[in-house]
Each structure stands twice: as structure tokens, then as C-alpha cells.
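Participant: Please find data-v5.txt (compact mmCIF, C-alpha atoms) on the next line:
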# COMPACT_ATOMS: atom_id res chain seq x y z
CA MET O 1 -52.31 -31.00 -9.80
CA ASN O 2 -49.07 -29.63 -8.36
CA MET O 3 -46.91 -32.69 -7.78
CA LYS O 4 -43.28 -32.50 -6.76
CA ALA O 5 -42.53 -36.13 -5.96
CA MET O 6 -40.03 -38.92 -6.10
CA HIS O 7 -41.61 -40.67 -9.08
CA GLU O 8 -40.99 -44.26 -10.05
CA SER O 9 -38.11 -43.04 -12.23
CA GLY O 10 -36.35 -41.76 -9.09
CA SER O 11 -36.16 -38.08 -10.07
CA PRO O 12 -35.38 -35.85 -7.05
CA MET O 13 -37.99 -33.71 -5.34
CA ALA O 14 -37.69 -29.94 -5.13
CA PRO O 15 -37.97 -27.97 -1.86
CA ASP O 16 -41.62 -27.14 -1.30
CA TRP O 17 -42.08 -26.64 2.47
CA HIS O 18 -39.65 -24.44 4.42
CA GLY O 19 -36.75 -25.69 2.35
CA ARG O 20 -37.69 -29.37 2.64
CA ALA O 21 -38.79 -31.67 -0.13
CA ALA O 22 -42.57 -32.13 -0.12
CA VAL O 23 -45.40 -33.51 -2.19
CA THR O 24 -48.41 -31.23 -2.69
CA LEU O 25 -51.68 -32.94 -3.50
CA THR O 26 -54.52 -30.57 -4.46
CA ASN O 27 -57.88 -30.66 -6.20
CA GLY O 28 -58.12 -26.87 -6.51
CA LEU O 29 -60.40 -26.62 -3.48
CA VAL O 30 -58.12 -27.89 -0.72
CA GLU O 31 -54.56 -29.16 -0.53
CA VAL O 32 -52.27 -31.23 1.65
CA LYS O 33 -48.47 -31.18 1.81
CA LEU O 34 -46.70 -34.47 2.63
CA LEU O 35 -43.09 -34.71 3.76
CA PRO O 36 -41.12 -37.78 2.69
CA GLY O 37 -38.83 -36.98 5.62
CA GLY O 38 -40.78 -38.61 8.45
CA GLY O 39 -44.00 -39.05 6.47
CA HIS O 40 -45.61 -36.03 8.14
CA LEU O 41 -48.68 -34.12 6.95
CA ALA O 42 -47.25 -30.61 7.09
CA TRP O 43 -50.10 -28.50 5.69
CA TRP O 44 -53.88 -28.89 5.30
CA GLY O 45 -56.52 -26.34 4.36
CA PHE O 46 -58.39 -24.44 1.67
CA VAL O 47 -56.46 -23.07 -1.28
CA GLU O 48 -56.62 -19.38 -2.20
CA GLY O 49 -60.09 -18.26 -3.26
CA ASN O 50 -61.91 -21.00 -1.34
CA GLY O 51 -63.31 -21.30 2.17
CA PRO O 52 -63.34 -18.73 4.97
CA SER O 53 -59.59 -19.01 5.58
CA GLN O 54 -56.51 -20.18 3.69
CA ASP O 55 -54.44 -20.80 6.83
CA ASN O 56 -52.64 -24.02 7.60
CA LEU O 57 -55.02 -25.81 9.96
CA LEU O 58 -52.36 -28.18 11.32
CA TRP O 59 -49.77 -27.07 13.85
CA GLU O 60 -46.64 -25.82 12.16
CA THR O 61 -43.32 -26.10 13.97
CA PRO O 62 -41.71 -22.69 14.60
CA TRP O 63 -38.19 -24.11 14.58
CA GLU O 64 -36.04 -25.27 11.70
CA THR O 65 -36.46 -28.93 10.71
CA ALA O 66 -34.75 -31.29 8.29
CA ASP O 67 -35.17 -34.75 6.82
CA PRO O 68 -34.10 -37.71 9.00
CA GLY O 69 -30.63 -38.96 8.19
CA SER O 70 -29.44 -35.68 6.72
CA PRO O 71 -26.46 -33.76 8.17
CA ALA O 72 -28.74 -30.81 8.94
CA HIS O 73 -31.09 -33.10 10.90
CA ALA O 74 -28.25 -34.32 13.11
CA VAL O 75 -27.11 -30.76 13.85
CA ILE O 76 -30.65 -29.62 14.74
CA ALA O 77 -31.30 -32.66 16.95
CA GLU O 78 -28.07 -32.13 18.90
CA GLY O 79 -29.19 -28.64 19.82
CA PHE O 80 -32.31 -29.90 21.59
CA GLY O 81 -30.64 -31.55 24.59
CA ASP O 82 -32.68 -34.77 24.83
CA GLU O 83 -31.09 -36.91 22.11
CA GLU O 84 -34.03 -39.28 21.59
CA ALA O 85 -36.71 -36.59 21.57
CA GLY O 86 -34.42 -34.35 19.54
CA ARG O 87 -34.24 -36.82 16.66
CA TYR O 88 -38.04 -36.83 16.49
CA LEU O 89 -38.54 -33.07 16.91
CA ALA O 90 -35.86 -32.23 14.36
CA SER O 91 -38.11 -33.40 11.52
CA TYR O 92 -41.62 -33.24 13.02
CA THR O 93 -44.50 -30.93 12.15
CA GLY O 94 -48.29 -31.19 11.80
CA HIS O 95 -49.51 -34.80 11.80
CA ALA O 96 -47.08 -37.65 12.51
CA LEU O 97 -47.60 -41.41 12.51
CA CYS O 98 -46.41 -43.03 15.75
CA LEU O 99 -45.47 -46.61 14.81
CA ASP O 100 -44.40 -48.89 16.43
CA GLY O 101 -44.25 -46.88 19.60
CA PHE O 102 -45.99 -44.13 21.52
CA GLY O 103 -43.60 -42.33 23.79
CA ALA O 104 -39.98 -43.04 24.62
CA ALA O 105 -38.24 -46.01 23.02
CA SER O 106 -37.20 -49.02 25.08
CA LYS O 107 -33.50 -49.47 25.82
CA ALA O 108 -33.27 -52.16 23.15
CA ASP O 109 -35.02 -50.01 20.55
CA ALA O 110 -32.97 -46.95 21.46
CA ALA O 111 -29.81 -49.00 20.99
CA ALA O 112 -31.09 -49.89 17.51
CA GLY O 113 -31.49 -46.20 16.69
CA VAL O 114 -35.24 -45.91 17.31
CA SER O 115 -36.30 -42.56 18.79
CA LEU O 116 -39.42 -41.07 20.32
CA HIS O 117 -42.72 -42.42 18.90
CA GLY O 118 -41.19 -45.29 16.95
CA GLU O 119 -39.53 -45.61 13.57
CA ALA O 120 -42.25 -44.33 11.24
CA PRO O 121 -41.79 -40.58 11.96
CA ASN O 122 -38.03 -40.92 11.87
CA VAL O 123 -37.34 -42.56 8.49
CA MET O 124 -37.55 -41.46 4.87
CA TRP O 125 -40.74 -42.45 3.06
CA ALA O 126 -41.08 -43.27 -0.64
CA ILE O 127 -43.92 -41.28 -2.25
CA THR O 128 -45.13 -42.09 -5.77
CA THR O 129 -47.90 -40.73 -7.98
CA GLN O 130 -50.75 -43.12 -8.73
CA ASP O 131 -53.03 -40.81 -10.71
CA ALA O 132 -54.22 -37.18 -10.77
CA ASN O 133 -55.78 -37.38 -7.30
CA ARG O 134 -53.80 -40.08 -5.49
CA VAL O 135 -50.33 -40.71 -4.16
CA LEU O 136 -48.91 -43.71 -2.32
CA ALA O 137 -46.50 -43.30 0.60
CA THR O 138 -44.59 -46.31 1.97
CA ALA O 139 -41.98 -46.90 4.66
CA GLU O 140 -39.96 -49.86 5.89
CA LEU O 141 -39.40 -50.17 9.66
CA PRO O 142 -36.59 -52.72 10.08
CA ALA O 143 -36.29 -52.64 13.88
CA ALA O 144 -40.02 -53.29 14.25
CA GLY O 145 -40.21 -55.69 11.31
CA LEU O 146 -43.10 -53.71 9.84
CA ARG O 147 -44.04 -52.15 6.53
CA VAL O 148 -46.54 -49.29 6.36
CA GLU O 149 -48.31 -47.80 3.38
CA ARG O 150 -50.70 -44.90 3.06
CA GLN O 151 -52.74 -44.10 -0.03
CA PHE O 152 -53.77 -40.43 0.00
CA SER O 153 -56.79 -39.52 -2.16
CA LEU O 154 -58.27 -36.08 -2.77
CA PRO O 155 -61.29 -36.39 -5.11
CA GLU O 156 -62.40 -33.43 -7.19
CA GLY O 157 -64.83 -31.02 -5.55
CA GLU O 158 -64.39 -32.44 -2.05
CA SER O 159 -62.77 -30.96 1.05
CA VAL O 160 -62.04 -34.43 2.44
CA LEU O 161 -58.68 -36.22 2.35
CA ARG O 162 -59.01 -40.02 2.40
CA VAL O 163 -56.14 -42.03 3.84
CA ASP O 164 -56.17 -45.79 3.30
CA GLU O 165 -53.52 -46.91 5.79
CA ARG O 166 -52.16 -50.44 6.11
CA VAL O 167 -49.51 -51.98 8.36
CA SER O 168 -47.89 -55.33 7.53
CA ASN O 169 -46.00 -57.61 9.91
CA MET O 170 -43.00 -58.89 7.98
CA ARG O 171 -42.12 -61.49 10.60
CA ASP O 172 -43.38 -64.99 11.34
CA THR O 173 -44.57 -64.25 14.89
CA GLU O 174 -47.60 -62.45 16.31
CA ARG O 175 -46.87 -59.32 18.31
CA PRO O 176 -48.47 -56.28 20.01
CA LEU O 177 -48.76 -53.10 17.96
CA HIS O 178 -48.75 -49.46 19.07
CA TRP O 179 -50.23 -47.37 16.25
CA VAL O 180 -51.25 -43.74 16.85
CA GLN O 181 -52.13 -40.81 14.58
CA HIS O 182 -50.34 -37.87 16.22
CA ALA O 183 -52.63 -35.14 14.88
CA THR O 184 -51.73 -31.67 16.15
CA PHE O 185 -53.54 -28.36 15.77
CA GLY O 186 -52.26 -24.85 16.36
CA VAL O 187 -53.72 -21.36 16.15
CA PRO O 188 -54.29 -20.27 12.52
CA SER O 189 -52.75 -16.87 11.76
CA SER O 190 -56.19 -15.31 11.14
CA VAL O 191 -57.60 -16.49 14.50
CA LYS O 192 -57.37 -14.41 17.67
CA GLY O 193 -58.60 -17.05 20.13
CA GLY O 194 -57.74 -20.70 20.50
CA GLY O 195 -60.88 -22.45 19.25
CA ARG O 196 -62.82 -25.34 20.71
CA ALA O 197 -62.02 -29.06 20.36
CA THR O 198 -64.55 -31.87 20.57
CA ALA O 199 -64.41 -35.64 20.22
CA SER O 200 -66.56 -38.77 20.51
CA VAL O 201 -65.10 -39.83 23.85
CA HIS O 202 -66.25 -40.59 27.39
CA ASN O 203 -64.04 -41.89 30.24
CA GLY O 204 -60.56 -40.50 30.66
CA ILE O 205 -57.49 -40.40 32.87
CA THR O 206 -54.69 -37.86 33.15
CA SER O 207 -51.07 -38.83 32.66
CA PRO O 208 -49.08 -40.02 35.69
CA ALA O 209 -46.04 -38.13 34.37
CA ASP O 210 -45.08 -34.63 35.43
CA TYR O 211 -45.33 -31.92 32.76
CA ASP O 212 -42.03 -30.15 33.44
CA GLY O 213 -43.45 -28.81 36.71
CA ARG O 214 -46.07 -26.78 34.84
CA ASN O 215 -49.08 -29.10 35.08
CA LEU O 216 -52.50 -27.78 34.09
CA LEU O 217 -54.06 -31.06 35.28
CA ALA O 218 -53.72 -33.25 38.36
CA ARG O 219 -51.65 -36.36 37.71
CA ASP O 220 -53.15 -39.84 37.24
CA GLY O 221 -56.72 -38.71 37.85
CA ALA O 222 -59.82 -40.32 36.32
CA PHE O 223 -62.49 -38.11 34.78
CA THR O 224 -65.49 -37.99 32.46
CA TRP O 225 -65.12 -35.93 29.29
CA PRO O 226 -64.90 -32.99 28.97
CA TYR O 227 -64.06 -31.99 32.57
CA ALA O 228 -60.68 -33.14 33.89
CA PRO O 229 -59.26 -32.55 37.39
CA GLY O 230 -57.07 -29.46 37.52
CA ALA O 231 -53.71 -29.30 39.27
CA HIS O 232 -55.21 -27.18 42.05
CA GLY O 233 -58.51 -29.00 42.54
CA GLU O 234 -60.50 -27.09 39.93
CA LYS O 235 -62.29 -28.59 36.90
CA VAL O 236 -60.73 -27.99 33.50
CA ASP O 237 -62.85 -28.08 30.35
CA LEU O 238 -60.68 -29.91 27.80
CA ARG O 239 -62.75 -28.57 24.91
CA GLU O 240 -61.25 -25.12 25.43
CA LEU O 241 -57.87 -24.51 23.80
CA PHE O 242 -54.97 -22.59 25.36
CA VAL O 243 -56.85 -21.13 28.33
CA GLN O 244 -53.90 -21.03 30.77
CA ALA O 245 -50.52 -19.81 29.59
CA ARG O 246 -47.28 -21.37 30.89
CA ALA O 247 -48.99 -24.73 31.44
CA GLY O 248 -49.45 -28.02 29.64
CA PHE O 249 -50.91 -31.49 30.06
CA ILE O 250 -51.27 -35.01 28.70
CA ALA O 251 -54.41 -37.09 29.19
CA THR O 252 -56.27 -39.89 27.47
CA THR O 253 -59.89 -40.73 26.77
CA GLN O 254 -61.66 -43.75 25.33
CA GLN O 255 -64.23 -43.72 22.55
CA LYS O 256 -67.87 -43.95 23.62
CA ALA O 257 -69.28 -47.46 23.68
CA GLY O 258 -71.43 -48.48 20.73
CA ARG O 259 -69.96 -46.05 18.19
CA GLU O 260 -68.81 -47.37 14.83
CA HIS O 261 -66.96 -44.19 13.87
CA GLY O 262 -65.02 -41.83 16.10
CA PHE O 263 -64.27 -38.19 15.41
CA VAL O 264 -62.05 -35.31 16.45
CA ALA O 265 -62.96 -31.76 15.45
CA VAL O 266 -61.69 -28.24 16.11
CA CYS O 267 -64.06 -25.34 15.56
CA HIS O 268 -62.84 -21.79 14.91
CA ALA O 269 -66.09 -19.90 15.35
CA GLU O 270 -64.68 -16.44 14.66
CA ILE O 271 -63.80 -17.38 11.07
CA GLY O 272 -66.61 -19.93 10.56
CA LEU O 273 -64.44 -22.98 9.96
CA ALA O 274 -64.16 -26.54 11.30
CA VAL O 275 -61.42 -29.10 10.75
CA GLY O 276 -61.27 -32.68 11.95
CA TYR O 277 -60.86 -36.40 11.51
CA LEU O 278 -63.20 -39.38 11.15
CA PHE O 279 -62.05 -42.96 11.73
CA ARG O 280 -63.21 -46.42 12.84
CA VAL O 281 -63.43 -46.96 16.60
CA GLU O 282 -62.35 -50.60 16.26
CA ASP O 283 -59.04 -49.39 14.77
CA PHE O 284 -58.38 -46.46 17.08
CA PRO O 285 -60.26 -46.80 20.40
CA TRP O 286 -58.18 -44.23 22.33
CA LEU O 287 -57.71 -40.48 22.05
CA ALA O 288 -54.62 -39.04 23.72
CA ILE O 289 -54.88 -35.30 24.32
CA TRP O 290 -51.78 -33.13 24.66
CA GLU O 291 -51.49 -29.40 25.06
CA GLU O 292 -48.37 -27.26 25.14
CA ASN O 293 -49.17 -23.65 25.97
CA GLN O 294 -45.85 -21.83 26.34
CA ALA O 295 -44.87 -24.14 29.21
CA ARG O 296 -41.63 -25.71 27.99
CA HIS O 297 -38.70 -23.32 27.96
CA ASP O 298 -35.91 -25.64 26.85
CA PRO O 299 -34.95 -25.76 23.16
CA PRO O 300 -36.69 -26.09 20.78
CA TRP O 301 -39.85 -24.96 22.61
CA ASN O 302 -38.35 -21.79 24.10
CA GLY O 303 -41.59 -20.83 25.81
CA HIS O 304 -43.32 -19.84 22.57
CA VAL O 305 -45.27 -22.91 21.39
CA GLN O 306 -49.05 -23.34 21.41
CA ALA O 307 -50.03 -26.81 20.18
CA ARG O 308 -53.00 -29.10 20.86
CA GLY O 309 -52.60 -32.78 20.03
CA MET O 310 -55.75 -34.87 19.48
CA GLU O 311 -54.06 -38.21 18.88
CA PHE O 312 -56.28 -41.17 17.99
CA GLY O 313 -54.82 -44.63 18.17
CA THR O 314 -54.47 -48.08 19.67
CA THR O 315 -52.62 -46.83 22.75
CA PRO O 316 -53.88 -44.46 25.44
CA LEU O 317 -50.81 -42.58 26.69
CA PRO O 318 -47.31 -41.78 25.34
CA LEU O 319 -45.51 -43.56 28.17
CA GLY O 320 -43.45 -45.89 25.97
CA ASN O 321 -44.46 -49.39 24.95
CA GLU O 322 -43.00 -51.17 27.98
CA ALA O 323 -44.72 -48.89 30.50
CA VAL O 324 -48.04 -49.05 28.65
CA ASP O 325 -47.92 -52.85 28.43
CA GLU O 326 -46.96 -53.14 32.11
CA ARG O 327 -49.97 -51.03 33.18
CA GLY O 328 -52.26 -53.38 31.26
CA PRO O 329 -55.89 -52.76 30.22
CA LEU O 330 -57.49 -49.41 31.00
CA PHE O 331 -61.23 -49.16 31.68
CA GLY O 332 -61.38 -52.82 30.66
CA ARG O 333 -60.01 -52.12 27.19
CA PRO O 334 -56.69 -53.30 25.69
CA THR O 335 -53.96 -50.69 25.35
CA SER O 336 -52.40 -52.08 22.19
CA ARG O 337 -53.50 -54.05 19.14
CA ARG O 338 -52.34 -57.50 18.04
CA ILE O 339 -50.97 -58.17 14.57
CA GLY O 340 -50.52 -61.75 13.44
CA ALA O 341 -47.56 -63.34 11.70
CA ASN O 342 -47.27 -61.91 8.17
CA GLU O 343 -50.63 -60.18 8.65
CA THR O 344 -51.72 -56.86 7.13
CA LEU O 345 -54.11 -54.60 9.06
CA ARG O 346 -56.12 -51.81 7.44
CA ALA O 347 -57.17 -48.62 9.26
CA PRO O 348 -58.76 -46.00 6.96
CA TRP O 349 -59.31 -42.44 8.16
CA LEU O 350 -60.43 -39.05 6.85
CA LEU O 351 -59.28 -35.47 7.32
CA PHE O 352 -61.90 -32.82 6.54
CA VAL O 353 -62.33 -29.06 6.54
CA ALA O 354 -65.62 -27.18 6.12
CA ALA O 355 -67.19 -23.75 6.41
CA ILE O 356 -69.74 -23.60 9.25
CA PRO O 357 -72.62 -21.21 9.99
CA GLN O 358 -72.30 -18.20 12.26
CA GLY O 359 -73.12 -19.13 15.83
CA TRP O 360 -71.59 -22.59 15.76
CA GLN O 361 -69.20 -22.74 18.72
CA GLU O 362 -68.28 -26.40 18.43
CA ILE O 363 -68.92 -29.56 16.43
CA GLU O 364 -71.12 -31.76 18.62
CA ASP O 365 -71.02 -34.87 16.46
CA VAL O 366 -69.79 -36.15 13.11
CA ARG O 367 -71.25 -39.08 11.25
CA ALA O 368 -70.56 -40.81 7.95
CA GLU O 369 -73.33 -41.53 5.45
CA ALA O 370 -73.01 -43.21 2.06
CA ASP O 371 -71.73 -40.13 0.21
CA GLU O 372 -71.42 -37.40 2.86
CA ILE O 373 -69.85 -36.48 6.15
CA VAL O 374 -72.40 -34.76 8.40
CA LEU O 375 -71.26 -32.20 10.98
CA MET O 376 -73.81 -31.52 13.73
CA HIS O 377 -74.52 -28.62 16.08
CA GLY O 378 -77.77 -29.07 17.99
CA ARG O 379 -80.40 -29.73 15.32
CA ASP O 380 -78.38 -28.00 12.61
CA GLU O 381 -76.22 -29.85 10.10
CA VAL O 382 -73.47 -29.13 7.60
CA ARG O 383 -73.15 -31.81 4.92
CA VAL O 384 -69.74 -32.28 3.36
CA SER O 385 -69.60 -34.14 0.05
CA ALA O 386 -67.54 -37.34 0.22
CA ARG O 387 -68.65 -39.80 -2.44
CA GLY O 388 -68.46 -43.43 -1.35
CA VAL O 389 -67.22 -42.53 2.13
CA GLY O 390 -69.42 -45.12 3.80
CA ALA O 391 -67.87 -47.90 1.75
CA PHE O 392 -64.37 -46.46 2.24
CA LEU O 393 -64.68 -46.68 6.01
CA GLY O 394 -66.17 -50.16 5.83
CA LYS O 395 -64.33 -53.45 5.97
CA LEU O 396 -62.66 -54.82 2.84
Represent the supplied structure as C-alpha cells.
Facilitator:
Amino acid sequence: MNMKAMHESGSPMAPDWHGRAAVTLTNGLVEVKLLPGGGHLAWWGFVEGNGPSQDNLLWETPWETADPGSPAHAVIAEGFGDEEAGRYLASYTGHALCLDGFGAASKADAAAGVSLHGEAPNVMWAITTQDANRVLATAELPAAGLRVERQFSLPEGESVLRVDERVSNMRDTERPLHWVQHATFGVPSSVKGGGRATASVHNGITSPADYDGRNLLARDGAFTWPYAPGAHGEKVDLRELFVQARAGFIATTQQKAGREHGFVAVCHAEIGLAVGYLFRVEDFPWLAIWEENQARHDPPWNGHVQARGMEFGTTPLPLGNEAVDERGPLFGRPTSRRIGANETLRAPWLLFVAAIPQGWQEIEDVRAEADEIVLMHGRDEVRVSARGVGAFLGKL
């Protein structure tokens, strides 16, 4: 296993991702790159010689980034105009953890140095090796009074990353918790089109906020997945990626009632590949959907970015904790989670990649069995080995 990490001895990490320190966890079939700076998943996919493509299947920032707290990070952030968003964007790529916050920080949090999407994506994480296929990443969030840890496991012969994630309240009082997996997909370099995204969701509502005057969707409009109200009265199929240039949107959807496990999947039919996530609905009942399609022209976007966020979490929209809490329940469901005094909550999730048969245009469903993840398209199935996955996703 290729492991460049801050080991228990404290030895420094070497640059491994665009000049930034990273930890690469691989089993020879697939690999993931983890950034201690912000805790981001920067790269996920098949390694050379495996699968139909060896592209990075997560969105990769086209601008320079740096680790939070470094002089380079401060310089990059200052060039982005919006100071709070700049601090987040100056280190962000791929998959970020939004904790404790989804959207802009409150005035009190901003005064304490918290930026967009909470502390977790804006602090340095400690990453240590546990064994040949596991690493542990931890972060302390002093303003929120939280501690978060993620155990990443990549068993031999499997194209499934297991993430055992836990959040601990270090204070003696119960509180609300905003906890979102900011998973973002782009266009792999070997793909001509955008792909097709699916999820286990039903009711939805578009964001009340304006998207820089370039709204693909109507604002604050209810809908039923996958068709959302367009800005000009048309219906927009949210499964289709990057269909209208110079436009963007934010919306949210809730998981279908009665499901134990939720999923997000992106299918790239032209190369025969699917990538996605599987998680427990009780942990992450909402899916926020964000698309930037060359709409934002201010730095660092510069009118060039194509990114689709499929962000599963406790909180429906990135409006900031105060605004979300003020709006209250949505579709009769809470918009945050409670964590008790000195309590630890566990929320396991999986990231998978698989080759799919010719003719599959989308992943219609994903389910977990005892030792496999099953991808479904009509009556056809692709079974992805994941030993013990049923127990992993269960309650401990």
C-alpha cells in the first residue's frame, strides 16, 4: 500500500496531490486520496490496469488550493473576494464534510473564525495508519465543541471504500447538529457528455436563494423527483448533468419513506462505469443537489467550472444554520439532528465504483445485502463484492 501519512511518530507527509500533502489508500484495484488539509477526499477511482476508466471520479478543483492555516491558503483565499467562502474554497476539492454547518456561518461563528460549511473542512486533520487497509482521520472543532473521526477501510479485491464516521459532543449540553457529506462529481477526462445522476429520493424543493442571476430552476418551488420547475416555467430533469451552460441551481430532496438505505449514483454510460454512495436514511435523510455549469464568473470560478453536488446529510439546504433552523421542519421532517451531552453518533457510509453493462443509462436502485452491494437497472443487476457490508451499515 502506498501510504504517505503523518504517522504516530509525527514524521511529515510528502506532497502527493497537486503539491499538497495527501494520504493514498489503495488495494491495487481502486484508490482514494485523502487530504489532511480540510479532510477532503480528493481522488477516487480505479487504478491503472483496472476498470473501464482510470479517471478521478470526484470533481477536481481547477484552481490552486492549499492547506488551511498556511500562508499560501491565506493568499489564495484573499483573491476570491468573499472572505468566508474564500477560506473554504481555497482548500476544497472533491468530497468535503460540512460540520457543524451547511452554508454561511452565523455572525458569532464567523467572529470565531468559522467559514462556509463549518469547521471540519477548514481545519487540519490528523491521519494515522491502522493497518495495511485502514487509516484513521480525526479533527477537533473547538468553536462547535465537537470531535469527528473517520475510519477509512479498503479491503482487498473490493471496489468499495467503507467510512465509519463518528461525531462526539465534547460539551455537557444537548444541541442541534448540521452534518452533511458534500460529495461532488465532475466530468471525467475520458467522458464527452455529462452523465446521469440518480438517487433514492422523492419530494423536493428548490432553494429560495438567487443563483447569481443565472438560475436554471425557479426559486422556492416544490417538486417531485426528478422533475423540478425551471426558471422559465419548463420542467427540468435533475438526473441529467450539465444540460444548460451558463446556469446553475441548488435544490433539496428527501429520502423516500420506508427505505433503510439511501443511495446516490452517477452513471457514465459511454465508458460503462458507475460511481456512488450508500448510507443509512436515518443518519442522512436529505439530499441537497447543486450544479454549477459555467455560471459563476467571479474568481475562482471564472466561468469554467462544471460540478454536480449530490450532498447527503441531516440538513436540506445550504442556507446557514440559523436560516435553516428558523424555517423549521420541511415536509414534516426535522432539518437538523440532535446530539446529546457528551454523546457520540455513528453514521457509516460507502463509496463505490463499478463497471456496468453496455446499455445501462442510469442506476435505478442500489441495495445492500450481507456481502454485496447490488446495482439495479430494470431487471438486470451488477453485484459488487463488499464482505460484511450489511453488518457494517447496521447499528452497533
Participant: Would you mind telling me which residue in O:Asp55, O:Glu64, O:Glu369, O:Glu149 lies nearest to Pro300 (chain O) when using all atoms listed in the file?
Facilitator: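 Result for the nearest residue to Pro300 (chain O): O:Glu64.
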Participant: Up to 10 Å from (-70.0, -46.0, 17.3) in the file's coordinates: name the residues, counting all atoms listed in the file, as a ChimeraX atom specification.
Facilitator: /O:200,255-263,280-282,367
Participant: Quick one: everything within 10 Å of Ala341 (chain O), counting all atoms listed in the file, minus sequence neighbours fewer than 5 positions away in the same chain. Send it as a list in words.
Facilitator: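 Skipping anything fewer than 5 positions along the chain leaves Ser168, Asn169, Met170, Arg171, Asp172, Thr173, Glu174 and Arg175 of chain O.
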Participant: So, with all atoms listed in the file as the atoms that count, which of O:Ala108, O:Val114, O:Ile363, O:Ile339 lies closest to Gly276 (chain O)?
Facilitator: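 Nearest to Gly276 (chain O): O:Ile363.
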Participant: Select, from O:Glu240, O:Glu362, O:Asp82, O:Glu311, the residue with the minimum atom-to-atom distance to Met376 (chain O), counting only C-alpha atoms.
Facilitator: O:Glu362
Participant: Which polymer residues, whether protein, DNA or RNA, lie within 7 Å of the coordinate (-35.8, -28.0, 14.9) when you count all atoms listed in the file? List them as a list of chain:residue names, using the chain letters and numbers from the file.
Facilitator: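 Protein, DNA and RNA residues close to (-35.8, -28.0, 14.9): O:Trp63, O:Glu64, O:Thr65, O:Ile76, O:Ala77, O:Leu89, O:Ala90, O:Ser91, O:Pro300.
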Participant: Quick one: residues within 7 Å of Glu291 (chain O), all atoms listed in the file counted, chain neighbours fewer than 6 positions away excluded, as a list of chain:residue names?
Facilitator: O:Gly248, O:Phe249, O:Ile250, O:Ala307, O:Arg308, O:Gly309
Participant: For Ala247 (chain O), which residue out of O:Leu146, O:Ala21, O:Ala323, O:Leu217 is the nearest one, using all atoms listed in the file?
Facilitator: O:Leu217
Participant: Out of O:Ser153, O:Gln306, O:Thr24, O:Ser115, which residue has the shortest atom-to-atom distance to Phe392 (chain O) when counting all atoms listed in the file?
Facilitator: O:Ser153
Participant: Counting all atoms listed in the file, what is within 8 Å of Arg196 (chain O), bar same-chain residues fewer than 2 positions away, as JSON, numbers by chain?
Facilitator: {"O": [194, 198, 239, 240, 241, 266, 267, 268, 361, 362]}
Participant: Any chance you could tabulate, as CSV, the residues of region 68-161 of chain O at most 9 Å from region 30-42 of chain O with each one's nearest atom pair and distance in Å to one decimal, using all atoms listed in the file, in chain and rising number order?
Facilitator:
residue,atom,partner,partner_atom,distance
O:Pro68,CA,O:Gly37,CA,5.9
O:Gly69,CA,O:Gly37,CA,8.8
O:Tyr88,CA,O:Gly38,CA,8.7
O:Ser91,CA,O:Gly38,CA,6.6
O:Tyr92,CA,O:His40,CA,6.9
O:Thr93,CA,O:Ala42,CA,5.8
O:Gly94,CA,O:Ala42,CA,4.9
O:His95,CA,O:Leu41,CA,5.0
O:Ala96,CA,O:His40,CA,4.9
O:Leu97,CA,O:His40,CA,7.2
O:Glu119,CA,O:Gly38,CA,8.8
O:Ala120,CA,O:Gly38,CA,6.5
O:Pro121,CA,O:Gly38,CA,4.1
O:Asn122,CA,O:Gly38,CA,5.0
O:Val123,CA,O:Gly38,CA,5.2
O:Met124,CA,O:Gly37,CA,4.7
O:Trp125,CA,O:Pro36,CA,4.7
O:Ala126,CA,O:Pro36,CA,6.4
O:Ile127,CA,O:Pro36,CA,6.7
O:Ala137,CA,O:Gly39,CA,7.7
O:Thr138,CA,O:Gly39,CA,8.6
O:Ala139,CA,O:Gly39,CA,8.3
O:Leu154,CA,O:Glu31,CA,8.2
O:Gly157,CA,O:Val30,CA,8.8
O:Glu158,CA,O:Val30,CA,7.9
O:Ser159,CA,O:Val30,CA,5.8
O:Val160,CA,O:Val30,CA,8.3
O:Leu161,CA,O:Val32,CA,8.2
Participant: Please, what distance in Å, to one decimal, runs between CA of Ile271 (chain O) and CA of Asp380 (chain O)?
Facilitator: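 Computing it gives 18.1 Å between the two atoms.
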Participant: Please rebuild region 272-285 of chain O with N, CA and C atoms and return the result as an mmCIF file, in the coordinates of the input.
Facilitator:
data_model
loop_
_atom_site.group_PDB
_atom_site.id
_atom_site.type_symbol
_atom_site.label_atom_id
_atom_site.label_comp_id
_atom_site.auth_asym_id
_atom_site.auth_seq_id
_atom_site.Cartn_x
_atom_site.Cartn_y
_atom_site.Cartn_z
ATOM 1 N N GLY O 272 -65.607 -19.049 11.155
ATOM 2 C CA GLY O 272 -66.610 -19.930 10.560
ATOM 3 C C GLY O 272 -66.020 -21.139 9.875
ATOM 4 N N LEU O 273 -65.136 -21.862 10.579
ATOM 5 C CA LEU O 273 -64.440 -22.980 9.960
ATOM 6 C C LEU O 273 -64.274 -24.113 10.972
ATOM 7 N N ALA O 274 -64.398 -25.350 10.479
ATOM 8 C CA ALA O 274 -64.160 -26.540 11.300
ATOM 9 C C ALA O 274 -63.232 -27.479 10.559
ATOM 10 N N VAL O 275 -62.350 -28.138 11.308
ATOM 11 C CA VAL O 275 -61.420 -29.100 10.750
ATOM 12 C C VAL O 275 -61.419 -30.322 11.661
ATOM 13 N N GLY O 276 -61.253 -31.511 11.084
ATOM 14 C CA GLY O 276 -61.270 -32.680 11.950
ATOM 15 C C GLY O 276 -61.012 -33.980 11.216
ATOM 16 N N TYR O 277 -61.134 -35.053 11.985
ATOM 17 C CA TYR O 277 -60.860 -36.400 11.510
ATOM 18 C C TYR O 277 -62.060 -37.309 11.791
ATOM 19 N N LEU O 278 -62.198 -38.343 10.958
ATOM 20 C CA LEU O 278 -63.200 -39.380 11.150
ATOM 21 C C LEU O 278 -62.518 -40.713 10.910
ATOM 22 N N PHE O 279 -62.771 -41.695 11.788
ATOM 23 C CA PHE O 279 -62.050 -42.960 11.730
ATOM 24 C C PHE O 279 -62.904 -44.060 12.372
ATOM 25 N N ARG O 280 -62.483 -45.305 12.250
ATOM 26 C CA ARG O 280 -63.210 -46.420 12.840
ATOM 27 C C ARG O 280 -62.757 -46.637 14.285
ATOM 28 N N VAL O 281 -63.732 -46.767 15.186
ATOM 29 C CA VAL O 281 -63.430 -46.960 16.600
ATOM 30 C C VAL O 281 -62.700 -48.280 16.831
ATOM 31 N N GLU O 282 -63.022 -49.314 16.060
ATOM 32 C CA GLU O 282 -62.350 -50.600 16.260
ATOM 33 C C GLU O 282 -60.848 -50.494 15.957
ATOM 34 N N ASP O 283 -60.454 -49.586 15.083
ATOM 35 C CA ASP O 283 -59.040 -49.390 14.770
ATOM 36 C C ASP O 283 -58.343 -48.538 15.812
ATOM 37 N N PHE O 284 -58.999 -47.454 16.205
ATOM 38 C CA PHE O 284 -58.380 -46.460 17.080
ATOM 39 C C PHE O 284 -59.308 -46.133 18.247
ATOM 40 N N PRO O 285 -59.308 -46.973 19.293
ATOM 41 C CA PRO O 285 -60.260 -46.800 20.400
ATOM 42 C C PRO O 285 -59.871 -45.741 21.423
#
